[in-house]
Structure formats: structure tokens, C-alpha cells
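Containing CSV, C-alpha atoms and all ligand atoms: target_8.csv.
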```
chain,number,residue,atom,x,y,z
A,138,MET,CA,0.0,0.0,0.0
A,139,GLN,CA,1.2,3.5,-0.8
A,140,SER,CA,1.7,6.3,1.7
A,141,ALA,CA,-0.7,9.3,2.0
A,142,GLN,CA,-0.3,12.3,-0.2
A,143,VAL,CA,0.8,15.5,1.5
A,144,PRO,CA,-1.3,18.6,0.9
A,145,LEU,CA,0.0,20.7,-2.0
A,146,PRO,CA,1.8,23.9,-0.8
A,147,PRO,CA,-0.3,27.1,-1.2
A,148,HIS,CA,1.9,28.5,-4.1
A,149,ILE,CA,0.7,25.5,-6.2
A,150,ALA,CA,-2.7,24.8,-4.7
A,151,ASN,CA,-3.9,28.3,-5.3
A,152,LEU,CA,-3.0,28.5,-8.9
A,153,THR,CA,-5.7,28.7,-11.5
A,154,ASP,CA,-5.7,26.0,-14.1
A,155,LEU,CA,-4.3,28.4,-16.6
A,156,GLU,CA,-1.4,29.3,-14.2
A,157,ALA,CA,-0.8,25.6,-13.4
A,158,HIS,CA,-0.5,24.8,-17.1
A,159,ALA,CA,2.0,27.6,-17.5
A,160,VAL,CA,4.0,26.3,-14.5
A,161,VAL,CA,4.2,22.8,-16.0
A,162,THR,CA,5.2,24.1,-19.4
A,163,SER,CA,7.9,26.4,-18.0
A,164,ALA,CA,9.3,23.6,-15.7
A,165,LYS,CA,9.4,21.1,-18.6
A,166,ALA,CA,11.2,23.6,-20.8
A,167,LYS,CA,13.8,24.3,-18.0
A,168,LEU,CA,14.3,20.5,-17.3
A,169,GLY,CA,14.6,19.7,-21.0
A,170,SER,CA,15.6,16.1,-21.9
A,171,SER,CA,16.3,15.4,-18.2
A,172,VAL,CA,12.6,14.8,-17.7
A,173,VAL,CA,10.0,12.6,-19.4
A,174,VAL,CA,6.3,12.7,-18.5
A,175,LEU,CA,4.3,9.5,-19.1
A,176,GLY,CA,0.5,9.6,-19.2
A,177,HIS,CA,-1.7,6.5,-19.0
A,178,HIS,CA,-4.8,6.6,-21.3
A,179,TYR,CA,-7.1,6.9,-18.2
A,180,GLN,CA,-5.6,10.2,-17.1
A,181,GLN,CA,-7.3,13.6,-17.1
A,182,ASP,CA,-7.1,15.6,-20.3
A,183,ASP,CA,-5.2,18.4,-18.4
A,184,VAL,CA,-2.5,15.9,-17.5
A,185,ILE,CA,-2.4,14.2,-20.9
A,186,ALA,CA,-1.8,17.6,-22.5
A,187,HIS,CA,1.7,17.6,-20.9
A,188,ALA,CA,2.6,14.0,-21.5
A,189,ASP,CA,5.6,13.3,-23.7
A,190,PHE,CA,4.2,9.8,-24.2
A,191,THR,CA,0.7,8.3,-23.7
A,192,GLY,CA,-0.1,4.6,-23.7
A,193,ASP,CA,-1.4,1.6,-21.9
A,194,SER,CA,0.7,0.0,-19.1
A,195,LEU,CA,2.8,-2.2,-21.5
A,196,LYS,CA,3.7,0.7,-23.8
A,197,LEU,CA,4.6,3.0,-20.9
A,198,ALA,CA,6.6,0.2,-19.2
A,199,ARG,CA,8.7,-0.2,-22.4
A,200,ILE,CA,9.1,3.6,-22.8
A,201,ALA,CA,10.3,3.9,-19.1
A,202,ARG,CA,12.7,1.0,-19.6
A,203,ASP,CA,14.2,2.5,-22.7
A,204,SER,CA,14.2,6.1,-21.5
A,205,THR,CA,17.5,8.0,-20.9
A,206,ALA,CA,15.8,10.8,-19.0
A,207,GLU,CA,17.1,11.2,-15.4
A,208,ASN,CA,13.5,11.9,-14.1
A,209,ILE,CA,10.4,9.9,-15.0
A,210,ILE,CA,7.1,11.5,-13.9
A,211,PHE,CA,4.6,8.7,-14.1
A,212,CYS,CA,1.0,9.9,-14.5
A,213,GLY,CA,-0.7,6.7,-13.8
A,214,VAL,CA,-1.0,4.5,-10.7
A,215,HIS,CA,1.4,3.1,-8.2
A,216,PHE,CA,2.1,-0.3,-9.7
A,217,MET,CA,3.1,1.4,-13.0
A,218,ALA,CA,5.6,3.7,-11.3
A,219,GLU,CA,7.0,0.7,-9.4
A,220,ALA,CA,7.4,-1.1,-12.7
A,221,ALA,CA,9.2,1.9,-14.2
A,222,ASP,CA,11.6,2.1,-11.2
A,223,MET,CA,12.4,-1.7,-11.4
A,224,LEU,CA,12.8,-1.6,-15.2
A,225,THR,CA,15.3,1.3,-15.0
A,226,GLY,CA,17.3,-0.6,-12.3
A,227,GLY,CA,16.5,2.1,-9.7
A,228,LYS,CA,18.9,4.4,-11.6
A,229,ARG,CA,16.3,7.1,-12.4
A,230,PHE,CA,14.1,9.3,-10.2
A,231,VAL,CA,10.6,8.0,-10.7
A,232,SER,CA,7.8,10.1,-9.3
A,233,LEU,CA,4.0,9.5,-8.9
A,234,PRO,CA,2.5,12.9,-8.6
A,235,ASP,CA,-0.2,11.8,-6.1
A,236,LEU,CA,0.7,8.9,-3.7
A,237,GLY,CA,-2.9,8.1,-3.3
A,238,ALA,CA,-3.1,6.9,-6.9
A,239,GLY,CA,-3.2,3.1,-6.3
A,240,CYS,CA,-5.1,0.4,-8.0
A,241,ASP,CA,-8.0,-1.3,-6.2
A,242,MET,CA,-7.5,-4.5,-8.3
A,243,ALA,CA,-3.8,-4.7,-7.4
A,244,ASP,CA,-4.8,-4.3,-3.7
A,245,MET,CA,-7.0,-7.5,-4.0
A,246,ALA,CA,-3.9,-9.7,-4.2
A,247,GLU,CA,-1.7,-9.1,-1.1
A,248,VAL,CA,1.4,-11.1,-1.5
A,249,ARG,CA,1.1,-12.8,2.0
A,250,ASP,CA,-2.4,-14.1,0.9
A,251,VAL,CA,-0.8,-15.3,-2.3
A,252,GLN,CA,2.0,-17.1,-0.5
A,253,ASP,CA,-0.5,-18.8,1.9
A,254,SER,CA,-2.6,-20.0,-1.1
A,255,TRP,CA,0.5,-21.2,-2.9
A,256,ASN,CA,1.6,-23.2,0.2
A,257,ASP,CA,-1.9,-24.7,0.5
A,258,ALA,CA,-1.8,-25.8,-3.1
A,259,LEU,CA,1.6,-27.4,-2.7
A,260,LYS,CA,0.5,-29.2,0.4
A,261,ALA,CA,-2.5,-30.5,-1.5
A,262,GLY,CA,-0.1,-32.1,-4.0
A,263,ALA,CA,-0.2,-29.7,-6.9
A,264,GLN,CA,3.0,-29.6,-9.0
A,265,ASP,CA,4.4,-27.5,-11.8
A,266,ILE,CA,2.3,-24.4,-11.0
A,267,ILE,CA,3.2,-21.4,-13.1
A,268,PRO,CA,2.2,-18.2,-11.5
A,269,VAL,CA,1.1,-15.4,-13.8
A,270,THR,CA,0.3,-11.9,-12.7
A,271,TYR,CA,-1.4,-9.1,-14.6
A,272,ILE,CA,0.9,-6.1,-14.6
A,273,ASN,CA,-1.8,-4.5,-12.4
A,274,SER,CA,-0.2,-5.9,-9.3
A,275,SER,CA,2.2,-4.9,-6.6
A,276,ALA,CA,6.0,-5.2,-7.0
A,277,ALA,CA,5.9,-7.7,-4.1
A,278,LEU,CA,3.5,-10.0,-6.1
A,279,LYS,CA,5.6,-9.5,-9.3
A,280,ALA,CA,8.6,-10.6,-7.3
A,281,PHE,CA,6.8,-13.7,-5.9
A,282,VAL,CA,5.9,-14.6,-9.5
A,283,GLY,CA,9.4,-14.1,-10.8
A,284,LYS,CA,10.9,-16.1,-8.0
A,285,ASN,CA,8.6,-19.0,-8.7
A,286,GLY,CA,9.3,-19.3,-12.4
A,287,GLY,CA,6.3,-17.2,-13.5
A,288,ILE,CA,5.6,-14.3,-15.8
A,289,ILE,CA,3.8,-11.0,-16.0
A,290,CYS,CA,1.1,-10.2,-18.6
A,291,THR,CA,-0.9,-7.2,-19.8
A,292,SER,CA,-4.2,-7.1,-21.5
A,293,SER,CA,-2.4,-6.9,-24.8
A,294,ASN,CA,-0.3,-10.0,-24.5
A,295,ALA,CA,-2.3,-12.2,-22.0
A,296,LYS,CA,-3.0,-14.8,-24.7
A,297,ALA,CA,0.7,-15.4,-25.5
A,298,VAL,CA,1.6,-15.4,-21.8
A,299,ILE,CA,-1.1,-17.9,-20.8
A,300,GLN,CA,0.0,-20.1,-23.8
A,301,TRP,CA,3.6,-19.9,-22.6
A,302,ALA,CA,2.5,-20.8,-19.0
A,303,LEU,CA,0.4,-23.8,-20.2
A,304,GLU,CA,3.4,-25.1,-22.2
A,305,ASN,CA,5.6,-24.8,-19.2
A,306,GLY,CA,3.5,-26.2,-16.3
A,307,SER,CA,0.4,-28.2,-15.3
A,308,HIS,CA,-1.5,-25.4,-13.7
A,309,VAL,CA,-1.6,-21.6,-14.3
A,310,PHE,CA,-2.2,-19.6,-11.2
A,311,PHE,CA,-3.5,-16.3,-12.5
A,312,PHE,CA,-3.5,-13.1,-10.4
A,313,PRO,CA,-5.3,-10.8,-9.6
A,314,ASP,CA,-8.0,-10.3,-12.3
A,315,GLN,CA,-10.3,-13.3,-12.6
A,316,HIS,CA,-12.1,-11.7,-15.6
A,317,LEU,CA,-9.0,-11.1,-17.7
A,318,GLY,CA,-7.8,-14.7,-17.0
A,319,ARG,CA,-11.2,-16.2,-17.8
A,320,ASN,CA,-11.9,-14.2,-20.9
A,321,VAL,CA,-8.5,-14.8,-22.4
A,322,ALA,CA,-8.4,-18.5,-21.5
A,323,LYS,CA,-11.9,-19.0,-22.9
A,324,GLY,CA,-10.9,-17.2,-26.1
A,325,MET,CA,-8.1,-19.7,-26.4
A,326,GLY,CA,-10.5,-22.6,-26.4
A,327,LEU,CA,-10.3,-23.6,-22.7
A,328,ASP,CA,-13.6,-24.6,-21.1
A,329,VAL,CA,-14.8,-22.4,-18.1
A,330,SER,CA,-16.2,-25.4,-16.2
A,331,SER,CA,-13.8,-28.2,-16.9
A,332,ASP,CA,-10.5,-26.3,-17.2
A,333,MET,CA,-10.9,-23.4,-14.8
A,334,LEU,CA,-11.6,-22.7,-11.2
A,335,LEU,CA,-12.0,-19.6,-9.0
A,336,TRP,CA,-9.6,-19.2,-6.1
A,337,ASP,CA,-11.2,-17.4,-3.2
A,338,PRO,CA,-8.2,-16.5,-0.9
A,339,LYS,CA,-10.6,-16.3,2.1
A,340,LYS,CA,-11.3,-20.0,1.9
A,341,PRO,CA,-9.2,-23.1,2.4
A,342,LEU,CA,-7.8,-24.3,-1.0
A,343,GLY,CA,-9.5,-21.2,-2.5
A,344,GLY,CA,-12.9,-22.9,-1.9
A,345,ASN,CA,-12.0,-26.0,-3.9
A,346,ASP,CA,-11.5,-29.6,-3.0
A,347,LYS,CA,-8.2,-31.3,-3.7
A,348,ALA,CA,-9.5,-33.4,-6.7
A,349,THR,CA,-10.9,-30.3,-8.4
A,350,LEU,CA,-7.7,-28.4,-7.8
A,351,LEU,CA,-5.5,-31.1,-9.3
A,352,ALA,CA,-7.8,-31.5,-12.3
A,353,LYS,CA,-8.1,-27.9,-13.5
A,354,LYS,CA,-5.5,-26.1,-15.5
A,355,ILE,CA,-6.3,-22.4,-14.9
A,356,TRP,CA,-6.8,-21.1,-11.3
A,357,LEU,CA,-8.3,-17.7,-11.3
A,358,TRP,CA,-7.6,-15.5,-8.2
A,359,LYS,CA,-10.8,-13.8,-7.1
A,360,GLY,CA,-10.0,-10.2,-7.9
A,361,HIS,CA,-11.5,-7.7,-10.3
A,362,CYS,CA,-11.5,-4.1,-11.4
A,363,PRO,CA,-14.2,-2.1,-9.7
A,364,VAL,CA,-14.4,0.3,-12.7
A,365,HIS,CA,-15.0,-2.5,-15.3
A,366,ALA,CA,-17.5,-4.1,-12.8
A,367,LEU,CA,-19.8,-1.2,-13.5
A,368,PHE,CA,-20.7,-2.6,-16.9
A,369,SER,CA,-23.6,-5.0,-17.3
A,370,VAL,CA,-25.4,-7.3,-19.6
A,371,HIS,CA,-28.5,-5.1,-19.2
A,372,GLN,CA,-26.6,-2.1,-20.7
A,373,VAL,CA,-25.6,-4.2,-23.7
A,374,LYS,CA,-29.2,-5.3,-24.2
A,375,LYS,CA,-30.5,-1.7,-23.9
A,376,ILE,CA,-28.1,-0.4,-26.5
A,377,ARG,CA,-29.0,-3.3,-28.9
A,378,GLU,CA,-32.7,-2.3,-28.5
A,379,ALA,CA,-32.2,1.4,-28.9
A,380,ALA,CA,-29.5,1.6,-31.5
A,381,PRO,CA,-28.8,-1.9,-33.1
A,382,GLU,CA,-26.4,-0.4,-35.6
A,383,THR,CA,-24.0,0.4,-32.7
A,384,THR,CA,-20.9,-1.8,-32.3
A,385,ILE,CA,-20.2,-2.8,-28.7
A,386,ILE,CA,-16.6,-3.1,-27.8
A,387,VAL,CA,-15.4,-4.0,-24.3
A,388,HIS,CA,-12.2,-4.5,-22.3
A,389,PRO,CA,-11.4,-8.1,-21.0
A,390,GLU,CA,-11.5,-6.8,-17.4
A,391,CYS,CA,-15.3,-6.9,-17.9
A,392,ALA,CA,-17.2,-10.0,-16.7
A,393,MET,CA,-17.4,-12.9,-19.2
A,394,GLU,CA,-21.2,-12.5,-19.6
A,395,ILE,CA,-20.6,-9.1,-21.1
A,396,VAL,CA,-17.6,-10.0,-23.2
A,397,ASP,CA,-19.6,-13.0,-24.6
A,398,ILE,CA,-22.4,-10.9,-25.9
A,399,SER,CA,-20.3,-7.9,-27.1
A,400,ASP,CA,-19.4,-7.5,-30.7
A,401,MET,CA,-15.7,-7.1,-30.0
A,402,TRP,CA,-13.4,-7.2,-27.0
A,403,GLY,CA,-9.7,-6.6,-26.4
A,404,SER,CA,-7.0,-4.5,-24.7
A,405,THR,CA,-7.0,-0.8,-24.4
A,406,ASP,CA,-4.7,-0.6,-27.4
A,407,PHE,CA,-7.0,-2.8,-29.4
A,408,ILE,CA,-10.0,-0.6,-28.5
A,409,ILE,CA,-8.2,2.5,-29.6
A,410,LYS,CA,-6.8,1.1,-32.8
A,411,THR,CA,-10.2,-0.4,-33.8
A,412,ILE,CA,-12.0,2.8,-33.3
A,413,GLU,CA,-9.3,4.8,-35.1
A,414,ALA,CA,-9.7,2.5,-38.1
A,415,ALA,CA,-13.5,2.5,-38.1
A,416,ALA,CA,-15.5,4.1,-40.9
A,417,ALA,CA,-16.8,7.7,-40.5
A,418,GLY,CA,-20.4,7.6,-39.3
A,419,SER,CA,-20.0,4.4,-37.4
A,420,LYS,CA,-21.4,4.1,-33.9
A,421,TRP,CA,-19.6,2.7,-30.9
A,422,ALA,CA,-20.5,1.8,-27.3
A,423,VAL,CA,-17.3,1.3,-25.4
A,424,GLY,CA,-16.9,-0.7,-22.1
A,425,THR,CA,-13.9,0.7,-20.5
A,426,GLU,CA,-12.8,3.7,-18.4
A,427,LYS,CA,-14.6,6.9,-18.9
A,428,ARG,CA,-11.7,9.3,-19.5
A,429,LEU,CA,-10.5,7.2,-22.4
A,430,VAL,CA,-14.0,6.9,-23.9
A,431,GLU,CA,-14.5,10.7,-23.7
A,432,ARG,CA,-11.1,11.3,-25.3
A,433,LEU,CA,-11.8,8.9,-28.2
A,434,ALA,CA,-15.1,10.7,-28.7
A,435,LYS,CA,-13.3,14.1,-28.9
A,436,GLN,CA,-10.6,12.7,-31.2
A,437,HIS,CA,-13.1,11.2,-33.6
A,438,PRO,CA,-16.0,13.7,-34.1
A,439,ASP,CA,-16.9,11.9,-37.4
A,440,LYS,CA,-18.0,8.8,-35.3
A,441,THR,CA,-20.5,8.4,-32.5
A,442,ILE,CA,-18.6,7.1,-29.4
A,443,THR,CA,-20.3,6.7,-26.1
A,444,SER,CA,-19.8,4.7,-22.9
A,445,LEU,CA,-21.6,1.4,-22.6
A,446,ASN,CA,-22.6,2.7,-19.1
A,447,PRO,CA,-24.3,6.0,-19.4
A,448,PHE,CA,-23.3,6.8,-15.8
A,449,THR,CA,-19.8,7.3,-14.6
A,450,CYS,CA,-17.1,4.6,-15.0
A,451,LEU,CA,-14.2,6.7,-13.8
A,452,CYS,CA,-11.1,5.2,-12.2
A,453,SER,CA,-11.1,7.4,-9.1
A,454,THR,CA,-7.5,6.5,-8.3
A,455,MET,CA,-6.1,7.4,-11.7
A,456,ASN,CA,-8.2,10.6,-11.4
A,457,ARG,CA,-6.2,11.6,-8.4
A,458,ILE,CA,-3.3,12.8,-10.5
A,459,SER,CA,-4.3,16.4,-11.2
A,460,LEU,CA,-2.7,19.2,-13.2
A,461,HIS,CA,-1.7,20.8,-9.9
A,462,ASN,CA,0.0,17.6,-8.6
A,463,LEU,CA,1.9,17.5,-11.8
A,464,ALA,CA,2.8,21.2,-11.5
A,465,TRP,CA,4.0,20.6,-7.9
A,466,VAL,CA,6.4,17.8,-8.8
A,467,LEU,CA,7.8,19.5,-11.9
A,468,GLU,CA,8.2,22.9,-10.3
A,469,GLY,CA,10.0,21.5,-7.3
A,470,LEU,CA,12.4,19.7,-9.6
A,471,ALA,CA,13.0,22.6,-12.0
A,472,GLU,CA,13.2,25.4,-9.5
A,473,ARG,CA,14.8,23.9,-6.4
A,474,GLY,CA,16.0,20.4,-7.5
A,475,GLU,CA,13.6,18.9,-5.0
A,476,ARG,CA,12.3,15.5,-5.6
A,477,TYR,CA,8.8,14.7,-4.5
A,478,ASN,CA,6.9,11.4,-4.3
A,479,GLN,CA,9.7,9.1,-5.4
A,480,ILE,CA,8.6,5.5,-6.0
A,481,SER,CA,11.5,3.2,-5.2
A,482,VAL,CA,11.5,-0.6,-5.0
A,483,ASP,CA,14.1,-2.5,-3.0
A,484,GLN,CA,16.8,-4.3,-4.9
A,485,VAL,CA,15.8,-7.9,-4.1
A,486,THR,CA,12.1,-7.3,-5.0
A,487,ALA,CA,13.2,-5.5,-8.2
A,488,GLN,CA,15.5,-8.4,-9.2
A,489,ASN,CA,12.9,-11.0,-8.8
A,490,SER,CA,10.2,-8.9,-10.5
A,491,ASN,CA,12.5,-8.2,-13.4
A,492,LEU,CA,12.8,-12.0,-14.0
A,493,ALA,CA,9.0,-12.1,-14.6
A,494,LEU,CA,9.0,-8.8,-16.5
A,495,GLY,CA,11.9,-10.0,-18.7
A,496,ARG,CA,10.0,-13.3,-19.5
A,497,MET,CA,7.1,-11.1,-20.7
A,498,PHE,CA,9.2,-8.8,-22.8
A,499,ASP,CA,10.9,-11.9,-24.4
A,500,LEU,CA,7.4,-13.0,-25.5
A,501,SER,CA,5.9,-9.7,-26.7
B,1,LIG,S1,-9.2,1.0,-14.0
B,1,LIG,FE1,-9.3,-0.7,-12.5
B,1,LIG,S2,-7.4,-1.9,-13.0
B,1,LIG,FE2,-7.1,0.1,-13.9
B,1,LIG,S3,-6.0,1.3,-12.4
B,1,LIG,FE3,-8.2,1.7,-12.1
B,1,LIG,S4,-8.9,0.1,-10.5
B,1,LIG,FE4,-6.9,-0.5,-11.3
```

Translate the structure described by the file into C-alpha cells.
Amino acid sequence: MQSAQVPLPPHIANLTDLEAHAVVTSAKAKLGSSVVVLGHHYQQDDVIAHADFTGDSLKLARIARDSTAENIIFCGVHFMAEAADMLTGGKRFVSLPDLGAGCDMADMAEVRDVQDSWNDALKAGAQDIIPVTYINSSAALKAFVGKNGGIICTSSNAKAVIQWALENGSHVFFFPDQHLGRNVAKGMGLDVSSDMLLWDPKKPLGGNDKATLLAKKIWLWKGHCPVHALFSVHQVKKIREAAPETTIIVHPECAMEIVDISDMWGSTDFIIKTIEAAAAGSKWAVGTEKRLVERLAKQHPDKTITSLNPFTCLCSTMNRISLHNLAWVLEGLAERGERYNQISVDQVTAQNSNLALGRMFDLS
């Protein structure tokens, strides 16, 4: 869990938005190539306006890894900044402009619960378990996975990663998002009933008996994204009734029942590229985070792009990174050489995590 964010000092907190934009622009100009600002697709427009690179977690992890900038300002959530620090060997200053920007899904797989579950599975006689964690997980869980011969995935490469894990072991223990694991494994031809089980960390053996455990190939940790949980089958049906010409496209963090009846599903990158390539005049209902859907609608005024959920589906933790937080971090760095909100992962954790991250980069 991350620490609490300190209140912003008055000389930053009292700026108007216009003034805050000017502070960011001037600080970036002064810092030049010594700083790079990375912005995840779910960030606010005022923050994205200053990002040198935008992308999903895989793209931003690659950019962080390959960057030569001394300072990486990561406008995303905590696990992404941790990954940037680990991938740069702790040799760069990585800052998360608001320390409260965590990920509720990542918090659903505490490494001590994972370790207890792992021990239970071994005691039950399971062998050749390959742990796989979605990149939306703590550095501690990534390190556990790396140490135990496993691998990281993102929503873009989950199919190749699960395939690799199936080829290398008898069971794939998938953390923390049950939906991504289930949707992708089902898309690969595995059967939800006969090949997969749900692992509830609050119950002995995840709520399964020994025979079931040993028989199933894919063990899905009971975690989910609270933002993507706000989409429903009912919303899909309503859009089909009201505007049947609309194409429904959703992210695999949505529940299987929604993915199954949507027209298309895939990673954030897939959603963006599909809509970019779509014909003018086409209509889209998108099942993913609100900021991204709103930005797509602005970028493609020739298409009708709405959220599958007419009410808010905002990631409140991503939303914590404000223009003013960004101004605070950059102004401190540019004017006084002060470093705020550094995200730093200890060396052993980073080494083990990098084993799992390296296996992922080798595959994708
Ligand atoms: S959208 Fe969901 S998975 Fe992504 S950062 Fe927010 S809580 Fe985590």
C-alpha cells in the first residue's frame, strides 16, 4: 500500500488551471531532456496535455525501460511507477504525482495471501504451478511470481503469456483479475467449467476440493477491477434495442457474460486502434474507463462514441493525478532540485520482479 499524499503547498494549490498549465510548461522547458512525463490513457485531459508519451501499461513500461531521462514523472497508478523504477534498475528518479493513486484491483492480491494460497496448493499435492500476474499488481507480487518461475502479462499480451505458461506447467495460477484470465483462456478454447476454477483467498484451497484443484489447468484469483465491474449485460441489451447499428466493444476486465455478448473485445490498445480504423459515421458503445472513452469521442468527431454505461465509470485512483499535482512535482524539480513522491522498490524485489517482466518482454 502506498503512503498518504501530503497537501500541496499554497503557491501551487492556489494556482488557477491556466497558471498551473504555465508552471508545467515552463518547468518542462527548463528541465529539457532530463525529464519525461508519461501519461496513461485513463488520465485527465489536463494531465495528458503535458505527457511526452501516452499509452497503456505495456507501452509505458517499455518507454520507461528505454528512456534515458534522469527523471520519469509517471502519471498513472502506483504499480506502474513501481514497474518503471524496477525496469530502470533504480537508476532514475521515478515520481508518482499523487501517492494516493493506487489500483483497487492490485490491492486485491496481497502477497502474503498469495504465499499462503501457494503453500496450501503445494500441500494438496499440486505440482508444476506457473504463477502469472497481470501487470496491475504490486511489486511484491511480481517478485513472488518471478521467484517462482512465472511471468507478467498485460491485457495486450495475455493470450501469448497464458499459452507460454500452459506449455511450461500443469497449472496456471492467474492473479489478480479473474475476468482477464477467464476471458482470455476461454478465447483460447479452454472450457470455463472443466478447465478453470475460481480461487477465493478467504477459503481453504480457495474454496475448492483437492481433486478439483488437481484437475483444473487455470486457477483464477478472485480479484476484479471495480471500474469495469460497472458494466452489465443489461446495458448491452438496452443499446442493442435502442441503436442496433452500434458496435459494442469492451475490455477483458469486464465480466465474461458481457464479453460474450459484445461484438468485439480486447485490450485498451486494441480498442483505440479499432475505433481509429473504423469508418466515419460508425457508432460505438465502449466498455472501458470513462476518460479514455471521452477522449476517443473528442478525437473522432466523425464517429459516435459513447460509454456502454451512461453513468460514470471513472477510475477514481487514476483521477487523483491532477494538473496541480503534476505542476508541484515538476516545479520542485525545476526550481529547487527537490524530488517529491519518489517511488522506489528495494533491490531484491526488483531483481525477482524483473525476472518475470523479462520473460514477458521476451514473448511480446
Ligand atoms: S481502472 Fe481498474 S485496474 Fe485500472 S487502475 Fe483503475 S482500479 Fe486498477

**Message:** Could you tell me how far atom CA of A:Asp400 sits from atom CA of A:Arg377, in Å to one decimal place?
**Reply:**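 Taking atom CA of A:Arg377 and atom CA of A:Asp400, their separation equals 10.6 Å.
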
**Asked** For the atom pair atom CA of A:Arg319 and atom CA of A:Ile355, what is the interatomic distance in Å to one decimal place?
**Response**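 Between atom CA of A:Arg319 and atom CA of A:Ile355 the gap works out to 8.4 Å.
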
**Request:** Set the cut-off to 7 Å, count all atoms listed in the file, and list whatever residues fall near ligand LIG 1 (chain B) as number ranges by chain.
**Result:** A: 214, 239-243, 273, 362-365, 426, 452, 454-455

**Message:** When you look at A:His361 with a cut-off of 7 Å (counting only C-alpha atoms), what residues show up, excluding the ones that are within fewer than 3 positions of it in the same chain? I need them as a PyMOL selection string.
**Reply:** chain A and resi 242+313-316

**Request:** Considering all atoms listed in the file, state which residue in the set A:Met333, A:Leu278, A:Ala416, A:Leu429 is at the smallest distance from A:Gln180.
**Result:** A:Leu429

**Pairwise distance for atom CA of A:Asn489 and atom CA of A:Leu351, rounded to one decimal in Å** =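 Between atom CA of A:Asn489 and atom CA of A:Leu351 the gap works out to 27.3 Å.
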
**Message:** Restricting the calculation to all atoms listed in the file: of A:Ser369, A:Gln488, A:Ser292, A:Gln252, which residue gets closest to A:Tyr271?
**Reply:** A:Ser292

**Asked** So which one's closest to A:Thr384, A:Ser194, A:Ser171, A:Ser444, A:Thr349? Using all atoms listed in the file, please.
**Response**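 Between A:Ser194, A:Ser171, A:Ser444, A:Thr349, the residue approaching A:Thr384 most closely is A:Ser444.
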
**Request:** Return the single residue from A:Val251, A:Ala380, A:Leu317, A:Ala201 that is closest to A:Gly227, with distances computed using only C-alpha atoms.
**Result:** A:Ala201

**Request:** Do a neighbour search on A:Leu357 at 12 Å with all atoms listed in the file, toss out local chain neighbours closer than 4 positions, and write the hits as a VMD selection string.
**Result:** chain A and resid 246 251 254 268 to 271 299 308 to 322 329 332 to 338 343 to 345 350 353 361

Next, write the just-selected residues to a file, as a short mmCIF file (atom, residue, chain, number, x, y, z; two decimals), keeping the file's coordinate frame, keeping C-alpha atoms as the atom set.
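Heads up, here's the output in part07.cif:
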```
data_model
loop_
_atom_site.label_atom_id
_atom_site.label_comp_id
_atom_site.auth_asym_id
_atom_site.auth_seq_id
_atom_site.Cartn_x
_atom_site.Cartn_y
_atom_site.Cartn_z
CA ALA A 246 -3.90 -9.70 -4.20
CA VAL A 251 -0.80 -15.30 -2.30
CA SER A 254 -2.60 -20.00 -1.10
CA PRO A 268 2.20 -18.20 -11.50
CA VAL A 269 1.10 -15.40 -13.80
CA THR A 270 0.30 -11.90 -12.70
CA TYR A 271 -1.40 -9.10 -14.60
CA ILE A 299 -1.10 -17.90 -20.80
CA HIS A 308 -1.50 -25.40 -13.70
CA VAL A 309 -1.60 -21.60 -14.30
CA PHE A 310 -2.20 -19.60 -11.20
CA PHE A 311 -3.50 -16.30 -12.50
CA PHE A 312 -3.50 -13.10 -10.40
CA PRO A 313 -5.30 -10.80 -9.60
CA ASP A 314 -8.00 -10.30 -12.30
CA GLN A 315 -10.30 -13.30 -12.60
CA HIS A 316 -12.10 -11.70 -15.60
CA LEU A 317 -9.00 -11.10 -17.70
CA GLY A 318 -7.80 -14.70 -17.00
CA ARG A 319 -11.20 -16.20 -17.80
CA ASN A 320 -11.90 -14.20 -20.90
CA VAL A 321 -8.50 -14.80 -22.40
CA ALA A 322 -8.40 -18.50 -21.50
CA VAL A 329 -14.80 -22.40 -18.10
CA ASP A 332 -10.50 -26.30 -17.20
CA MET A 333 -10.90 -23.40 -14.80
CA LEU A 334 -11.60 -22.70 -11.20
CA LEU A 335 -12.00 -19.60 -9.00
CA TRP A 336 -9.60 -19.20 -6.10
CA ASP A 337 -11.20 -17.40 -3.20
CA PRO A 338 -8.20 -16.50 -0.90
CA GLY A 343 -9.50 -21.20 -2.50
CA GLY A 344 -12.90 -22.90 -1.90
CA ASN A 345 -12.00 -26.00 -3.90
CA LEU A 350 -7.70 -28.40 -7.80
CA LYS A 353 -8.10 -27.90 -13.50
CA HIS A 361 -11.50 -7.70 -10.30
#
```

**Asked** Which is closest to A:Ala493 among A:Leu303, A:Ala415, A:Leu224, A:Ala434, if we use only C-alpha atoms?
**Response** A:Leu224

Incomplete stretch 447-456 of chain A brought to N, CA, C and O atoms, written out as an mmCIF file, in the frame of the given file:
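The resulting file, rebuild_24.cif, is shown below:
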```cif
data_model
loop_
_atom_site.group_PDB
_atom_site.id
_atom_site.type_symbol
_atom_site.label_atom_id
_atom_site.label_comp_id
_atom_site.auth_asym_id
_atom_site.auth_seq_id
_atom_site.Cartn_x
_atom_site.Cartn_y
_atom_site.Cartn_z
ATOM 1 N N PRO A 447 -24.099 4.610 -19.270
ATOM 2 C CA PRO A 447 -24.300 6.000 -19.400
ATOM 3 C C PRO A 447 -23.944 6.826 -18.140
ATOM 4 O O PRO A 447 -23.828 8.046 -18.177
ATOM 5 N N PHE A 448 -23.735 6.122 -17.043
ATOM 6 C CA PHE A 448 -23.300 6.800 -15.800
ATOM 7 C C PHE A 448 -21.800 6.678 -15.679
ATOM 8 O O PHE A 448 -21.143 6.073 -16.506
ATOM 9 N N THR A 449 -21.258 7.214 -14.612
ATOM 10 C CA THR A 449 -19.800 7.300 -14.600
ATOM 11 C C THR A 449 -19.092 5.961 -14.400
ATOM 12 O O THR A 449 -19.540 5.085 -13.668
ATOM 13 N N CYS A 450 -18.003 5.791 -15.123
ATOM 14 C CA CYS A 450 -17.100 4.600 -15.000
ATOM 15 C C CYS A 450 -15.705 5.121 -14.923
ATOM 16 O O CYS A 450 -14.870 4.796 -15.760
ATOM 17 N N LEU A 451 -15.478 5.975 -13.962
ATOM 18 C CA LEU A 451 -14.200 6.700 -13.800
ATOM 19 C C LEU A 451 -13.319 5.904 -12.877
ATOM 20 O O LEU A 451 -13.785 5.434 -11.846
ATOM 21 N N CYS A 452 -12.027 5.794 -13.190
ATOM 22 C CA CYS A 452 -11.100 5.200 -12.200
ATOM 23 C C CYS A 452 -10.709 6.322 -11.255
ATOM 24 O O CYS A 452 -9.933 7.222 -11.609
ATOM 25 N N SER A 453 -11.251 6.264 -10.046
ATOM 26 C CA SER A 453 -11.100 7.400 -9.100
ATOM 27 C C SER A 453 -9.601 7.498 -8.668
ATOM 28 O O SER A 453 -9.139 8.585 -8.329
ATOM 29 N N THR A 454 -8.858 6.402 -8.681
ATOM 30 C CA THR A 454 -7.500 6.500 -8.300
ATOM 31 C C THR A 454 -6.601 7.121 -9.365
ATOM 32 O O THR A 454 -5.765 7.982 -9.099
ATOM 33 N N MET A 455 -6.841 6.720 -10.613
ATOM 34 C CA MET A 455 -6.100 7.400 -11.700
ATOM 35 C C MET A 455 -6.434 8.862 -11.728
ATOM 36 O O MET A 455 -5.570 9.687 -12.026
ATOM 37 N N ASN A 456 -7.690 9.185 -11.395
ATOM 38 C CA ASN A 456 -8.200 10.600 -11.400
ATOM 39 C C ASN A 456 -7.511 11.441 -10.371
ATOM 40 O O ASN A 456 -7.637 12.655 -10.400
#
```
